[in-house]
>>> print(open('start_26.txt').read())   # compact mmCIF, C-alpha atoms
# COMPACT_ATOMS: atom_id res chain seq x y z
CA MET A 1 -13.79 -2.51 -13.06
CA ASN A 2 -16.74 -3.99 -11.17
CA ARG A 3 -16.39 -3.90 -7.42
CA ILE A 4 -16.39 -7.17 -5.46
CA VAL A 5 -17.66 -6.27 -2.00
CA ALA A 6 -16.05 -9.24 -0.26
CA ILE A 7 -12.61 -8.24 -1.57
CA ASP A 8 -13.19 -4.59 -0.63
CA THR A 9 -14.20 -5.65 2.89
CA LEU A 10 -11.13 -7.84 3.26
CA ARG A 11 -8.95 -5.01 2.00
CA GLY A 12 -10.49 -2.62 4.52
CA VAL A 13 -9.77 -5.07 7.34
CA ALA A 14 -6.18 -5.48 6.14
CA LEU A 15 -5.60 -1.75 5.71
CA LEU A 16 -6.78 -0.91 9.22
CA GLY A 17 -4.86 -3.86 10.64
CA ILE A 18 -1.61 -2.70 9.04
CA LEU A 19 -1.65 0.42 11.17
CA LEU A 20 -1.44 -1.68 14.35
CA MET A 21 2.11 -2.57 13.33
CA ASN A 22 3.14 0.47 11.30
CA ILE A 23 2.44 2.85 14.16
CA ARG A 24 5.49 1.47 15.96
CA SER A 25 7.67 2.71 13.14
CA PHE A 26 6.02 6.12 13.26
CA ALA A 27 6.23 6.42 17.05
CA MET A 28 9.46 4.70 18.14
CA PRO A 29 13.06 4.03 17.12
CA ALA A 30 13.33 1.48 14.33
CA SER A 31 14.86 -1.20 16.54
CA ALA A 32 11.72 -1.27 18.72
CA TYR A 33 9.57 -2.64 15.89
CA ALA A 34 10.64 -6.26 16.37
CA ASN A 35 12.65 -6.04 19.60
CA LEU A 36 10.54 -5.53 22.72
CA LYS A 37 13.66 -4.92 24.80
CA ALA A 38 15.11 -2.23 22.54
CA TYR A 39 12.81 0.56 23.77
CA PHE A 40 10.13 0.66 26.46
CA GLY A 41 8.90 -2.91 27.00
CA GLU A 42 9.32 -2.94 30.78
CA THR A 43 5.65 -2.52 31.73
CA LEU A 44 2.93 -5.18 31.60
CA PRO A 45 0.60 -3.10 29.32
CA ASP A 46 3.44 -2.66 26.84
CA GLN A 47 4.20 -6.39 26.88
CA ILE A 48 0.52 -7.25 26.39
CA ALA A 49 0.24 -4.82 23.46
CA PHE A 50 3.37 -6.27 21.85
CA SER A 51 2.24 -9.87 22.38
CA LEU A 52 -1.27 -9.41 21.02
CA THR A 53 -0.15 -7.56 17.90
CA HIS A 54 2.66 -10.07 17.35
CA ILE A 55 0.27 -13.02 17.35
CA LEU A 56 -2.75 -11.44 15.66
CA VAL A 57 -1.35 -8.83 13.27
CA ASP A 58 2.43 -8.88 12.78
CA GLN A 59 3.07 -10.02 9.16
CA LYS A 60 -0.57 -11.14 8.86
CA ALA A 61 -2.14 -7.79 7.95
CA MET A 62 0.55 -7.03 5.39
CA ALA A 63 0.35 -10.57 4.01
CA LEU A 64 -3.43 -10.22 3.59
CA PHE A 65 -2.98 -6.85 1.90
CA SER A 66 -0.36 -8.35 -0.46
CA LEU A 67 -2.66 -11.26 -1.24
CA LEU A 68 -5.46 -8.88 -2.15
CA PHE A 69 -3.09 -6.86 -4.32
CA GLY A 70 -2.41 -10.00 -6.33
CA ALA A 71 -6.13 -10.68 -6.60
CA SER A 72 -6.74 -7.12 -7.82
CA VAL A 73 -4.04 -7.48 -10.46
CA MET A 74 -5.75 -10.62 -11.74
CA LEU A 75 -9.18 -8.96 -11.64
CA LEU A 76 -7.98 -5.95 -13.61
CA ILE A 77 -6.08 -7.97 -16.22
CA ARG A 78 -9.00 -10.32 -16.82
CA GLY A 79 -11.48 -7.47 -16.97
CA ARG A 80 -9.51 -5.71 -19.69
CA ALA A 81 -8.85 -8.94 -21.59
CA GLU A 82 -12.59 -9.76 -21.65
CA LYS A 83 -13.22 -6.34 -23.23
CA GLY A 84 -10.50 -6.91 -25.84
CA LEU A 85 -8.30 -4.17 -24.37
CA PRO A 86 -4.49 -4.37 -24.14
CA THR A 87 -3.26 -5.60 -20.78
CA ALA A 88 0.55 -5.65 -20.70
CA TRP A 89 1.27 -1.98 -21.32
CA HIS A 90 -1.59 -0.89 -19.06
CA HIS A 91 -0.41 -3.13 -16.22
CA HIS A 92 3.23 -2.04 -16.37
CA TRP A 93 2.47 1.67 -16.75
CA ARG A 94 -0.03 1.55 -13.88
CA ASN A 95 2.53 -0.05 -11.59
CA THR A 96 5.27 2.30 -12.70
CA LEU A 97 3.06 5.10 -11.41
CA LEU A 98 2.59 3.17 -8.16
CA LEU A 99 6.37 2.82 -7.90
CA ILE A 100 6.75 6.60 -8.25
CA ILE A 101 4.09 7.18 -5.58
CA GLY A 102 5.95 4.78 -3.31
CA LEU A 103 9.28 6.52 -3.86
CA LEU A 104 7.75 9.90 -3.06
CA HIS A 105 6.00 8.51 -0.01
CA GLY A 106 9.18 6.89 1.27
CA LEU A 107 11.28 10.00 0.74
CA TYR A 108 8.95 12.76 1.87
CA LEU A 109 6.77 11.09 4.50
CA TRP A 110 7.90 7.74 5.88
CA GLU A 111 10.76 5.39 5.12
CA GLY A 112 8.64 2.32 5.93
CA ASP A 113 6.77 2.59 2.60
CA ASN A 114 5.59 -0.69 1.04
CA LEU A 115 4.12 0.65 -2.20
CA PHE A 116 7.54 0.53 -3.85
CA VAL A 117 7.87 -3.16 -2.93
CA TYR A 118 4.43 -3.91 -4.34
CA ALA A 119 5.16 -2.09 -7.59
CA VAL A 120 8.45 -3.93 -8.11
CA CYS A 121 6.79 -7.29 -7.44
CA ALA A 122 3.96 -6.45 -9.85
CA TYR A 123 6.27 -6.44 -12.88
CA PRO A 124 7.11 -10.18 -12.82
CA LEU A 125 3.62 -10.93 -11.45
CA TYR A 126 2.17 -10.21 -14.88
CA ALA A 127 4.03 -13.18 -16.36
CA CYS A 128 2.28 -15.47 -13.85
CA ARG A 129 -1.26 -14.49 -14.80
CA ASN A 130 -2.02 -17.58 -16.90
CA TRP A 131 -0.47 -20.15 -14.59
CA GLN A 132 -2.72 -22.79 -13.11
CA PRO A 133 -3.79 -21.91 -9.53
CA ARG A 134 -2.04 -24.97 -8.08
CA PHE A 135 1.20 -24.03 -9.78
CA GLN A 136 0.84 -20.42 -8.58
CA CYS A 137 0.41 -21.69 -5.02
CA ALA A 138 3.38 -24.04 -5.28
CA VAL A 139 5.69 -21.29 -6.58
CA SER A 140 4.34 -18.82 -4.03
CA LEU A 141 5.18 -21.17 -1.17
CA LEU A 142 8.73 -21.61 -2.44
CA ILE A 143 9.19 -17.83 -2.68
CA PHE A 144 7.52 -17.17 0.68
CA LEU A 145 9.74 -19.70 2.48
CA VAL A 146 13.05 -18.40 1.08
CA PRO A 147 13.61 -15.83 3.90
CA SER A 148 12.84 -18.42 6.60
CA ALA A 149 15.30 -20.87 5.08
CA ALA A 150 17.96 -18.15 4.77
CA ASN A 151 17.41 -17.01 8.36
CA MET A 152 17.75 -20.56 9.65
CA ALA A 153 21.01 -20.96 7.70
CA LEU A 154 22.37 -17.68 9.11
CA HIS A 155 21.38 -18.72 12.63
CA ALA A 156 23.27 -21.98 12.18
CA SER A 157 26.39 -20.03 11.17
CA ILE A 158 26.49 -17.98 14.39
CA ALA A 159 28.43 -20.67 16.26
CA SER A 160 31.36 -20.33 13.85
CA MET A 161 31.49 -16.51 13.92
CA SER A 162 34.38 -14.60 15.44
CA THR A 163 33.99 -12.62 18.66
CA SER A 164 34.05 -9.31 16.79
CA ASP A 165 31.38 -10.46 14.35
CA ARG A 166 29.14 -11.57 17.18
CA ALA A 167 29.63 -8.24 18.94
CA GLN A 168 28.68 -6.39 15.76
CA LEU A 169 25.42 -8.32 15.40
CA ALA A 170 24.63 -7.86 19.08
CA ALA A 171 25.03 -4.09 18.68
CA TYR A 172 22.83 -4.17 15.59
CA TRP A 173 19.98 -5.87 17.47
CA HIS A 174 20.44 -3.95 20.73
CA PRO A 175 21.47 -0.41 19.67
CA SER A 176 23.25 1.93 22.04
CA LYS A 177 21.46 4.67 23.97
CA HIS A 178 23.40 7.22 21.91
CA ASP A 179 22.05 5.85 18.63
CA ILE A 180 18.49 5.71 19.96
CA LYS A 181 18.71 9.29 21.24
CA ALA A 182 19.99 10.42 17.83
CA GLU A 183 16.98 8.87 16.08
CA ILE A 184 14.55 10.36 18.62
CA ALA A 185 16.11 13.78 18.13
CA LEU A 186 15.90 13.48 14.34
CA TYR A 187 12.18 12.78 14.20
CA GLY A 188 11.07 14.39 17.43
CA SER A 189 12.78 17.78 17.26
CA ARG A 190 14.90 18.33 14.16
CA PRO A 191 13.54 20.13 11.04
CA TYR A 192 11.57 18.30 8.38
CA THR A 193 14.33 18.97 5.83
CA ASP A 194 16.79 17.02 8.00
CA GLN A 195 14.40 14.07 7.99
CA VAL A 196 14.14 14.15 4.20
CA ASP A 197 17.92 14.42 3.87
CA TYR A 198 18.32 11.46 6.21
CA ARG A 199 15.90 9.31 4.22
CA ALA A 200 17.69 10.33 1.02
CA GLY A 201 21.03 9.33 2.55
CA ASP A 202 22.40 12.88 2.46
CA LEU A 203 22.48 13.34 6.25
CA ASP A 204 25.05 11.39 8.23
CA LEU A 205 23.32 10.40 11.43
CA SER A 206 23.90 7.33 13.57
CA LYS A 207 21.11 4.83 13.12
CA PRO A 208 20.34 2.24 15.81
CA LYS A 209 22.80 -0.29 14.48
CA ALA A 210 26.45 -1.24 14.63
CA PRO A 211 29.01 0.34 12.27
CA ASP A 212 28.61 -0.83 8.68
CA GLY A 213 30.18 -4.15 7.91
CA PRO A 214 29.47 -7.34 5.95
CA LEU A 215 27.33 -8.87 8.69
CA VAL A 216 25.30 -5.70 9.23
CA GLU A 217 24.75 -5.47 5.48
CA THR A 218 23.64 -9.12 5.55
CA ALA A 219 21.16 -8.39 8.34
CA ASP A 220 19.82 -5.37 6.44
CA GLY A 221 19.62 -7.48 3.30
CA MET A 222 17.55 -10.09 5.11
CA TYR A 223 14.90 -7.49 5.89
CA LEU A 224 14.71 -6.54 2.21
CA LEU A 225 14.66 -10.18 1.10
CA ASP A 226 11.90 -10.88 3.60
CA ALA A 227 9.81 -7.93 2.41
CA PHE A 228 10.02 -8.80 -1.28
CA CYS A 229 9.59 -12.57 -0.89
CA ARG A 230 6.63 -12.29 1.47
CA ALA A 231 4.94 -9.75 -0.80
CA MET A 232 5.54 -11.70 -4.02
CA GLY A 233 4.59 -15.02 -2.43
CA MET A 234 1.32 -13.70 -1.07
CA MET A 235 0.47 -11.92 -4.35
CA LEU A 236 0.72 -15.23 -6.21
CA ILE A 237 -1.52 -16.89 -3.64
CA GLY A 238 -3.97 -14.02 -4.08
CA MET A 239 -4.10 -14.63 -7.83
CA ALA A 240 -4.78 -18.32 -7.25
CA LEU A 241 -7.46 -17.71 -4.61
CA TYR A 242 -9.19 -15.18 -6.85
CA THR A 243 -9.26 -17.67 -9.75
CA GLY A 244 -10.57 -20.36 -7.41
CA GLY A 245 -13.42 -18.17 -6.17
CA VAL A 246 -12.16 -18.15 -2.57
CA LEU A 247 -11.89 -14.36 -2.35
CA THR A 248 -15.16 -13.70 -4.12
CA GLY A 249 -17.24 -15.68 -1.63
CA LYS A 250 -18.13 -18.43 -4.11
CA ARG A 251 -17.00 -21.38 -1.99
CA SER A 252 -19.22 -23.19 0.48
CA ALA A 253 -19.71 -22.15 4.09
CA ARG A 254 -18.16 -25.47 5.09
CA PHE A 255 -15.02 -24.60 3.13
CA TYR A 256 -14.67 -21.23 4.86
CA ARG A 257 -15.28 -22.77 8.29
CA ARG A 258 -12.46 -25.22 7.61
CA LEU A 259 -10.18 -22.31 6.75
CA VAL A 260 -10.99 -20.75 10.12
CA TYR A 261 -10.56 -23.95 12.12
CA VAL A 262 -7.35 -25.11 10.47
CA GLY A 263 -5.84 -21.69 9.80
CA CYS A 264 -6.34 -20.18 13.22
CA GLY A 265 -6.39 -23.45 15.17
CA VAL A 266 -2.93 -24.39 13.92
CA GLY A 267 -1.51 -20.96 13.11
CA PHE A 268 -2.09 -19.26 16.45
CA PRO A 269 -0.29 -21.98 18.49
CA ILE A 270 2.74 -21.74 16.17
CA ALA A 271 2.88 -17.96 16.54
CA LEU A 272 2.39 -18.27 20.30
CA ALA A 273 5.21 -20.81 20.57
CA GLY A 274 7.55 -18.47 18.70
CA LEU A 275 6.61 -15.57 20.96
CA TRP A 276 7.13 -17.71 24.07
CA GLN A 277 10.64 -18.54 22.84
CA LEU A 278 11.39 -14.83 22.37
CA TYR A 279 10.34 -14.14 25.95
CA ARG A 280 12.26 -17.17 27.20
CA THR A 281 15.47 -15.96 25.54
CA ALA A 282 14.81 -12.33 26.62
CA TRP A 283 15.09 -11.21 22.98
CA HIS A 284 18.77 -12.15 22.93
CA TRP A 285 20.18 -11.50 19.50
CA GLU A 286 21.50 -15.05 19.00
CA TYR A 287 17.95 -16.35 18.75
CA ALA A 288 15.87 -13.28 17.93
CA LEU A 289 17.85 -11.68 15.10
CA PHE A 290 17.62 -14.46 12.53
CA LEU A 291 15.53 -17.28 13.95
CA GLY A 292 13.08 -15.33 16.12
CA GLY A 293 10.74 -14.36 13.29
CA VAL A 294 10.56 -17.75 11.57
CA PRO A 295 7.68 -19.27 13.59
CA ASN A 296 5.58 -16.17 13.04
CA SER A 297 6.28 -16.24 9.30
CA LEU A 298 5.22 -19.87 9.05
CA ALA A 299 2.11 -19.16 11.11
CA THR A 300 1.19 -16.23 8.87
CA LEU A 301 0.13 -18.41 5.94
CA LEU A 302 -2.26 -20.34 8.15
CA ILE A 303 -3.64 -17.40 10.12
CA VAL A 304 -4.30 -15.34 7.00
CA SER A 305 -6.32 -18.21 5.53
CA GLY A 306 -8.30 -18.29 8.77
CA TYR A 307 -8.95 -14.56 8.53
CA ILE A 308 -10.17 -14.96 4.96
CA GLY A 309 -12.57 -17.69 6.01
CA ALA A 310 -13.87 -15.61 8.92
CA VAL A 311 -14.48 -12.49 6.82
CA MET A 312 -16.15 -14.48 4.02
CA LEU A 313 -18.53 -16.05 6.55
CA TRP A 314 -19.17 -12.62 8.07
CA CYS A 315 -19.98 -11.19 4.64
CA ARG A 316 -22.74 -13.80 4.33
CA SER A 317 -24.14 -12.96 7.74
CA PRO A 318 -26.63 -10.14 8.38
CA ARG A 319 -24.72 -9.14 11.50
CA GLY A 320 -22.68 -5.96 11.59
CA GLN A 321 -23.91 -4.80 8.21
CA ALA A 322 -23.10 -1.14 8.85
CA LEU A 323 -19.53 -1.96 9.87
CA LYS A 324 -19.07 -4.22 6.84
CA GLU A 325 -20.20 -1.43 4.56
CA ARG A 326 -17.80 1.03 6.18
CA LEU A 327 -14.90 -1.43 5.92
CA ALA A 328 -15.67 -1.99 2.23
CA LEU A 329 -15.54 1.77 1.66
CA VAL A 330 -12.17 1.91 3.39
CA GLY A 331 -11.06 -0.91 1.11
CA ARG A 332 -12.22 0.98 -1.98
CA THR A 333 -10.03 3.93 -0.97
CA ALA A 334 -7.14 1.83 0.37
CA LEU A 335 -4.34 3.77 -1.34
CA SER A 336 -5.64 7.13 -0.11
CA ASN A 337 -6.18 5.74 3.38
CA TYR A 338 -2.71 4.14 3.47
CA LEU A 339 -1.08 7.47 2.66
CA ALA A 340 -3.46 9.29 5.01
CA GLN A 341 -2.26 7.07 7.84
CA SER A 342 1.27 8.29 7.17
CA VAL A 343 0.14 11.91 7.18
CA MET A 344 -1.81 11.58 10.42
CA CYS A 345 0.88 9.59 12.22
CA THR A 346 3.75 11.83 11.22
CA VAL A 347 1.74 14.87 12.32
CA VAL A 348 1.27 13.22 15.71
CA PHE A 349 4.82 11.93 16.19
CA TYR A 350 7.21 14.02 14.08
CA SER A 351 8.70 17.41 14.82
CA TYR A 352 6.51 19.33 12.36
CA GLY A 353 3.46 18.19 14.36
CA LEU A 354 3.14 17.25 18.02
CA GLY A 355 6.68 15.85 18.16
CA LEU A 356 5.75 12.80 20.28
CA PHE A 357 8.31 10.49 18.66
CA GLY A 358 9.82 8.29 21.36
CA ASP A 359 7.35 9.42 24.04
CA VAL A 360 4.43 7.04 23.47
CA ASN A 361 4.60 3.38 24.49
CA ARG A 362 3.06 0.50 22.57
CA ALA A 363 -0.08 0.29 24.67
CA THR A 364 -0.92 3.97 24.20
CA GLN A 365 -0.16 3.68 20.50
CA LEU A 366 -3.12 1.30 20.20
CA VAL A 367 -5.44 4.01 21.51
CA ILE A 368 -4.18 6.34 18.78
CA VAL A 369 -4.75 3.58 16.22
CA VAL A 370 -8.40 3.23 17.25
CA LEU A 371 -8.90 6.99 16.92
CA ILE A 372 -7.42 6.93 13.41
CA TRP A 373 -9.66 3.98 12.54
CA ILE A 374 -12.72 5.97 13.56
CA VAL A 375 -11.61 8.92 11.43
CA GLN A 376 -10.96 6.73 8.38
CA LEU A 377 -14.20 4.77 8.67
CA GLN A 378 -16.18 7.99 8.86
CA LEU A 379 -14.20 9.96 6.29
CA SER A 380 -14.21 7.16 3.68
CA ALA A 381 -18.01 6.95 3.89
CA TRP A 382 -18.38 10.72 3.66
CA TRP A 383 -16.03 10.95 0.67
CA LEU A 384 -17.54 8.14 -1.38
CA THR A 385 -21.06 9.50 -1.05
CA ARG A 386 -19.79 12.52 -2.98
CA TYR A 387 -17.00 11.18 -5.19
CA ARG A 388 -16.41 8.10 -7.33
CA PHE A 389 -12.85 7.38 -6.21
CA GLY A 390 -10.51 8.18 -3.37
CA PRO A 391 -8.38 11.28 -4.12
CA VAL A 392 -5.15 9.37 -4.74
CA GLU A 393 -6.99 6.60 -6.61
CA TRP A 394 -8.46 9.29 -8.85
CA LEU A 395 -5.02 10.77 -9.56
CA TRP A 396 -3.55 7.31 -10.18
CA ARG A 397 -6.40 6.42 -12.53
CA SER A 398 -6.19 9.74 -14.39
CA LEU A 399 -2.44 9.39 -14.95
CA THR A 400 -2.91 5.78 -16.04
CA TYR A 401 -5.39 6.76 -18.77
CA PHE A 402 -3.75 10.14 -19.59
CA THR A 403 -7.02 11.97 -19.01
CA PHE A 404 -8.85 13.38 -16.03
CA GLN A 405 -11.40 10.86 -14.86
CA PRO A 406 -14.85 11.99 -13.66
CA LEU A 407 -14.61 12.42 -9.92
CA ARG A 408 -17.84 13.90 -8.61
CA ARG A 409 -20.95 11.75 -8.49
CA SER A 410 -23.77 13.04 -10.66
CA SER A 411 -26.22 13.00 -7.76
>>> encode(input="start_26.txt", output="structure tokens")
Amino acid sequence: MNRIVAIDTLRGVALLGILLMNIRSFAMPASAYANLKAYFGETLPDQIAFSLTHILVDQKAMALFSLLFGASVMLLIRGRAEKGLPTAWHHHWRNTLLLIIGLLHGLYLWEGDNLFVYAVCAYPLYACRNWQPRFQCAVSLLIFLVPSAANMALHASIASMSTSDRAQLAAYWHPSKHDIKAEIALYGSRPYTDQVDYRAGDLDLSKPKAPDGPLVETADGMYLLDAFCRAMGMMLIGMALYTGGVLTGKRSARFYRRLVYVGCGVGFPIALAGLWQLYRTAWHWEYALFLGGVPNSLATLLIVSGYIGAVMLWCRSPRGQALKERLALVGRTALSNYLAQSVMCTVVFYSYGLGLFGDVNRATQLVIVVLIWIVQLQLSAWWLTRYRFGPVEWLWRSLTYFTFQPLRRSS
């Protein structure tokens, strides 16, 4: 498959951006990911770190990564079809392997894995490959907006809930100190085998939520619905944008400037308004649990388009050439780098490493993110001067074709 540098650069930007959000899950109790008040959050640096990542990165980096996954699916299918090679079996087998990698990653390293979600979405994605780009975009918008519509409906139902139901949801959003301490102990001091057992569901340990019940299951289900719908929706948009030449840099500079102006000029104010409402309501569960994330989700579509326009214009510019090249190399080894982020972060925060889980606030986490970025930018360049593929990409490719692929460069 021929490399498209613009797509690789975008993927590198998305991959590094994802860590700005994922590090919260590595470093803090799960409830602190979306709820500033659940853990830390009292200091101004922590509030600034949360606010900036919420507006600039939250949902956007993952949406951009999902979009590029869809584009890559289209690129691979078309490339094989042009050569007269079978596409269906290859596509489904390749993504079955990705699903297995995701399951292993989620069980043995980090329960926040997204590879499994991508692999599941990739199965029906194949059936959409020949749709017209406009139809792909229309369907993608419907899928993407499903979680927002469901969350608004659930928020509207709060007024009719019983007192006990409301108390259960409040405890889910604002977990007790006991539950938070249990999660900190699990990842910060207990053995690795306990962590695996917990992720497998074999270890009974209080999570930062209320006792199981229909409403708690509904809240958990909304997170899953949101993950799958956002991923599938953005993948379809990625297929359409690839077909339309948007992601390959074939559109005019004027077109990309419009993406920046409209996407960021409209998207950022929407995300900022949603964040202001979260602060105004002090992250109270009645607003934050179901409705609090809706403005940011709506803003994501616009902001991501602005990011695409900005990176496409940057790719045409002579400025920052060295950084662009490094980002493209990170994008070429995105799967290896994604898993490497999990390895590095768990070594820093989990008990089998430095055991800093629960000890590092959001502002300090950003410093760690920058250090990991530096390592990955340097290591990706070093690796690809010697080898053709990233290590995990090589394994994935070899298993896909049932033969060991050449790894070392000839010179």
>>> closest_residue(input="start_26.txt", among="A:Trp285, A:Ile184, A:Arg80, A:Val120", to="Gln168 (chain A)", atoms="all atoms listed in the file")
A:Trp285
>>> closest_residue(input="start_26.txt", among="A:Val370, A:Val347, A:Val260, A:Met28", to="Glu183 (chain A)", atoms="all atoms listed in the file")
A:Met28
>>> residues_around(input="start_26.txt", residues="Val369 (chain A)", least_positions_apart="2", cutoff="8 Å", atoms="all atoms listed in the file", output="ChimeraX atom specification")
/A:19-20,23,365-367,371-373
>>> atom_distance(input="start_26.txt", atom1="CA of Ala63 (chain A)", atom2="CA of Asp8 (chain A)")
15.5 Å
>>> closest_residue(input="start_26.txt", among="A:Gly331, A:Gly70, A:Pro295, A:Pro29", to="Ile55 (chain A)", atoms="only C-alpha atoms")
A:Pro295
>>> residues_around(input="start_26.txt", residues="Ala170 (chain A)", least_positions_apart="5", cutoff="9 Å", atoms="all atoms listed in the file", output="short mmCIF file (atom, residue, chain, number, x, y, z; two decimals) with C-alpha atoms, in the coordinates of the input")
data_model
loop_
_atom_site.label_atom_id
_atom_site.label_comp_id
_atom_site.auth_asym_id
_atom_site.auth_seq_id
_atom_site.Cartn_x
_atom_site.Cartn_y
_atom_site.Cartn_z
CA ASP A 165 31.38 -10.46 14.35
CA PRO A 175 21.47 -0.41 19.67
CA ALA A 210 26.45 -1.24 14.63
CA HIS A 284 18.77 -12.15 22.93
CA TRP A 285 20.18 -11.50 19.50
CA GLU A 286 21.50 -15.05 19.00
CA LEU A 289 17.85 -11.68 15.10
#
>>> closest_atom_pairs(input="start_26.txt", of="region 12-111 of chain A", to="region 232-242 of chain A", cutoff="12 Å", atoms="all atoms listed in the file", output="JSON lines")
{"residue": "A:Gln59", "atom": "CA", "partner": "A:Met234", "partner_atom": "CA", "distance": 11.0}
{"residue": "A:Lys60", "atom": "CA", "partner": "A:Met234", "partner_atom": "CA", "distance": 10.4}
{"residue": "A:Ala61", "atom": "CA", "partner": "A:Met234", "partner_atom": "CA", "distance": 11.3}
{"residue": "A:Met62", "atom": "CA", "partner": "A:Met234", "partner_atom": "CA", "distance": 9.3}
{"residue": "A:Ala63", "atom": "CA", "partner": "A:Met234", "partner_atom": "CA", "distance": 6.0}
{"residue": "A:Leu64", "atom": "CA", "partner": "A:Met234", "partner_atom": "CA", "distance": 7.5}
{"residue": "A:Phe65", "atom": "CA", "partner": "A:Met234", "partner_atom": "CA", "distance": 8.6}
{"residue": "A:Ser66", "atom": "CA", "partner": "A:Met235", "partner_atom": "CA", "distance": 5.3}
{"residue": "A:Leu67", "atom": "CA", "partner": "A:Gly238", "partner_atom": "CA", "distance": 4.2}
{"residue": "A:Leu68", "atom": "CA", "partner": "A:Gly238", "partner_atom": "CA", "distance": 5.7}
{"residue": "A:Phe69", "atom": "CA", "partner": "A:Met235", "partner_atom": "CA", "distance": 6.2}
{"residue": "A:Gly70", "atom": "CA", "partner": "A:Met235", "partner_atom": "CA", "distance": 4.0}
{"residue": "A:Ala71", "atom": "CA", "partner": "A:Met239", "partner_atom": "CA", "distance": 4.6}
{"residue": "A:Ser72", "atom": "CA", "partner": "A:Met239", "partner_atom": "CA", "distance": 8.0}
{"residue": "A:Val73", "atom": "CA", "partner": "A:Met239", "partner_atom": "CA", "distance": 7.6}
{"residue": "A:Met74", "atom": "CA", "partner": "A:Met239", "partner_atom": "CA", "distance": 5.8}
{"residue": "A:Leu75", "atom": "CA", "partner": "A:Tyr242", "partner_atom": "CA", "distance": 7.9}
{"residue": "A:Leu76", "atom": "CA", "partner": "A:Met239", "partner_atom": "CA", "distance": 11.1}
{"residue": "A:Ile77", "atom": "CA", "partner": "A:Met239", "partner_atom": "CA", "distance": 10.9}
{"residue": "A:Arg78", "atom": "CA", "partner": "A:Tyr242", "partner_atom": "CA", "distance": 11.1}
>>> closest_residue(input="start_26.txt", among="A:Cys264, A:Ile100, A:Met344, A:Leu291", to="Ala156 (chain A)", atoms="all atoms listed in the file")
A:Leu291
>>> atom_distance(input="start_26.txt", atom1="CA of Leu278 (chain A)", atom2="CA of Lys181 (chain A)")
25.2 Å
>>> residues_around(input="start_26.txt", residues="Pro391 (chain A)", least_positions_apart="4", cutoff="9 Å", atoms="only C-alpha atoms", output="JSON, numbers by chain")
{"A": [333, 335, 336, 387, 395, 396, 407]}
>>> closest_residue(input="start_26.txt", among="A:Gly358, A:Pro406, A:Gly188, A:Gly274", to="Tyr39 (chain A)", atoms="only C-alpha atoms")
A:Gly358
>>> closest_residue(input="start_26.txt", among="A:Leu298, A:Met312, A:Val304, A:Thr218", to="Tyr256 (chain A)", atoms="only C-alpha atoms")
A:Met312
>>> atom_distance(input="start_26.txt", atom1="CA of Val294 (chain A)", atom2="CA of Trp276 (chain A)")
13.0 Å
>>> residues_around(input="start_26.txt", residues="region 197-200 of chain A", least_positions_apart="5", cutoff="10 Å", atoms="all atoms listed in the file", output="NGL selection string")
:A and (106-111 or 186 or 192 or 205 or 207)
>>> build_atoms(input="start_26.txt", residues="region 121-128 of chain A", atoms="N, CA, C and O atoms", output="PDB file, in the frame of the given file")
ATOM      1  N   CYS A 121       7.270  -5.913  -7.328  1.00  0.00           N
ATOM      2  CA  CYS A 121       6.790  -7.290  -7.440  1.00  0.00           C
ATOM      3  C   CYS A 121       5.753  -7.434  -8.562  1.00  0.00           C
ATOM      4  O   CYS A 121       5.616  -8.514  -9.150  1.00  0.00           O
ATOM      5  N   ALA A 122       5.035  -6.372  -8.846  1.00  0.00           N
ATOM      6  CA  ALA A 122       3.960  -6.450  -9.850  1.00  0.00           C
ATOM      7  C   ALA A 122       4.493  -6.669 -11.256  1.00  0.00           C
ATOM      8  O   ALA A 122       3.771  -7.221 -12.096  1.00  0.00           O
ATOM      9  N   TYR A 123       5.730  -6.245 -11.533  1.00  0.00           N
ATOM     10  CA  TYR A 123       6.270  -6.440 -12.880  1.00  0.00           C
ATOM     11  C   TYR A 123       6.361  -7.931 -13.254  1.00  0.00           C
ATOM     12  O   TYR A 123       5.795  -8.351 -14.258  1.00  0.00           O
ATOM     13  N   PRO A 124       7.070  -8.751 -12.463  1.00  0.00           N
ATOM     14  CA  PRO A 124       7.110 -10.180 -12.820  1.00  0.00           C
ATOM     15  C   PRO A 124       5.771 -10.881 -12.583  1.00  0.00           C
ATOM     16  O   PRO A 124       5.509 -11.947 -13.160  1.00  0.00           O
ATOM     17  N   LEU A 125       4.916 -10.307 -11.741  1.00  0.00           N
ATOM     18  CA  LEU A 125       3.620 -10.930 -11.450  1.00  0.00           C
ATOM     19  C   LEU A 125       2.784 -11.089 -12.719  1.00  0.00           C
ATOM     20  O   LEU A 125       2.016 -12.046 -12.851  1.00  0.00           O
ATOM     21  N   TYR A 126       2.952 -10.155 -13.642  1.00  0.00           N
ATOM     22  CA  TYR A 126       2.170 -10.210 -14.880  1.00  0.00           C
ATOM     23  C   TYR A 126       2.429 -11.505 -15.648  1.00  0.00           C
ATOM     24  O   TYR A 126       1.509 -12.073 -16.256  1.00  0.00           O
ATOM     25  N   ALA A 127       3.670 -11.966 -15.621  1.00  0.00           N
ATOM     26  CA  ALA A 127       4.030 -13.180 -16.360  1.00  0.00           C
ATOM     27  C   ALA A 127       3.381 -14.431 -15.761  1.00  0.00           C
ATOM     28  O   ALA A 127       3.352 -15.478 -16.413  1.00  0.00           O
ATOM     29  N   CYS A 128       2.861 -14.312 -14.542  1.00  0.00           N
ATOM     30  CA  CYS A 128       2.280 -15.470 -13.850  1.00  0.00           C
ATOM     31  C   CYS A 128       0.768 -15.549 -14.010  1.00  0.00           C
ATOM     32  O   CYS A 128       0.135 -16.442 -13.434  1.00  0.00           O
TER      33      CYS A 128
END
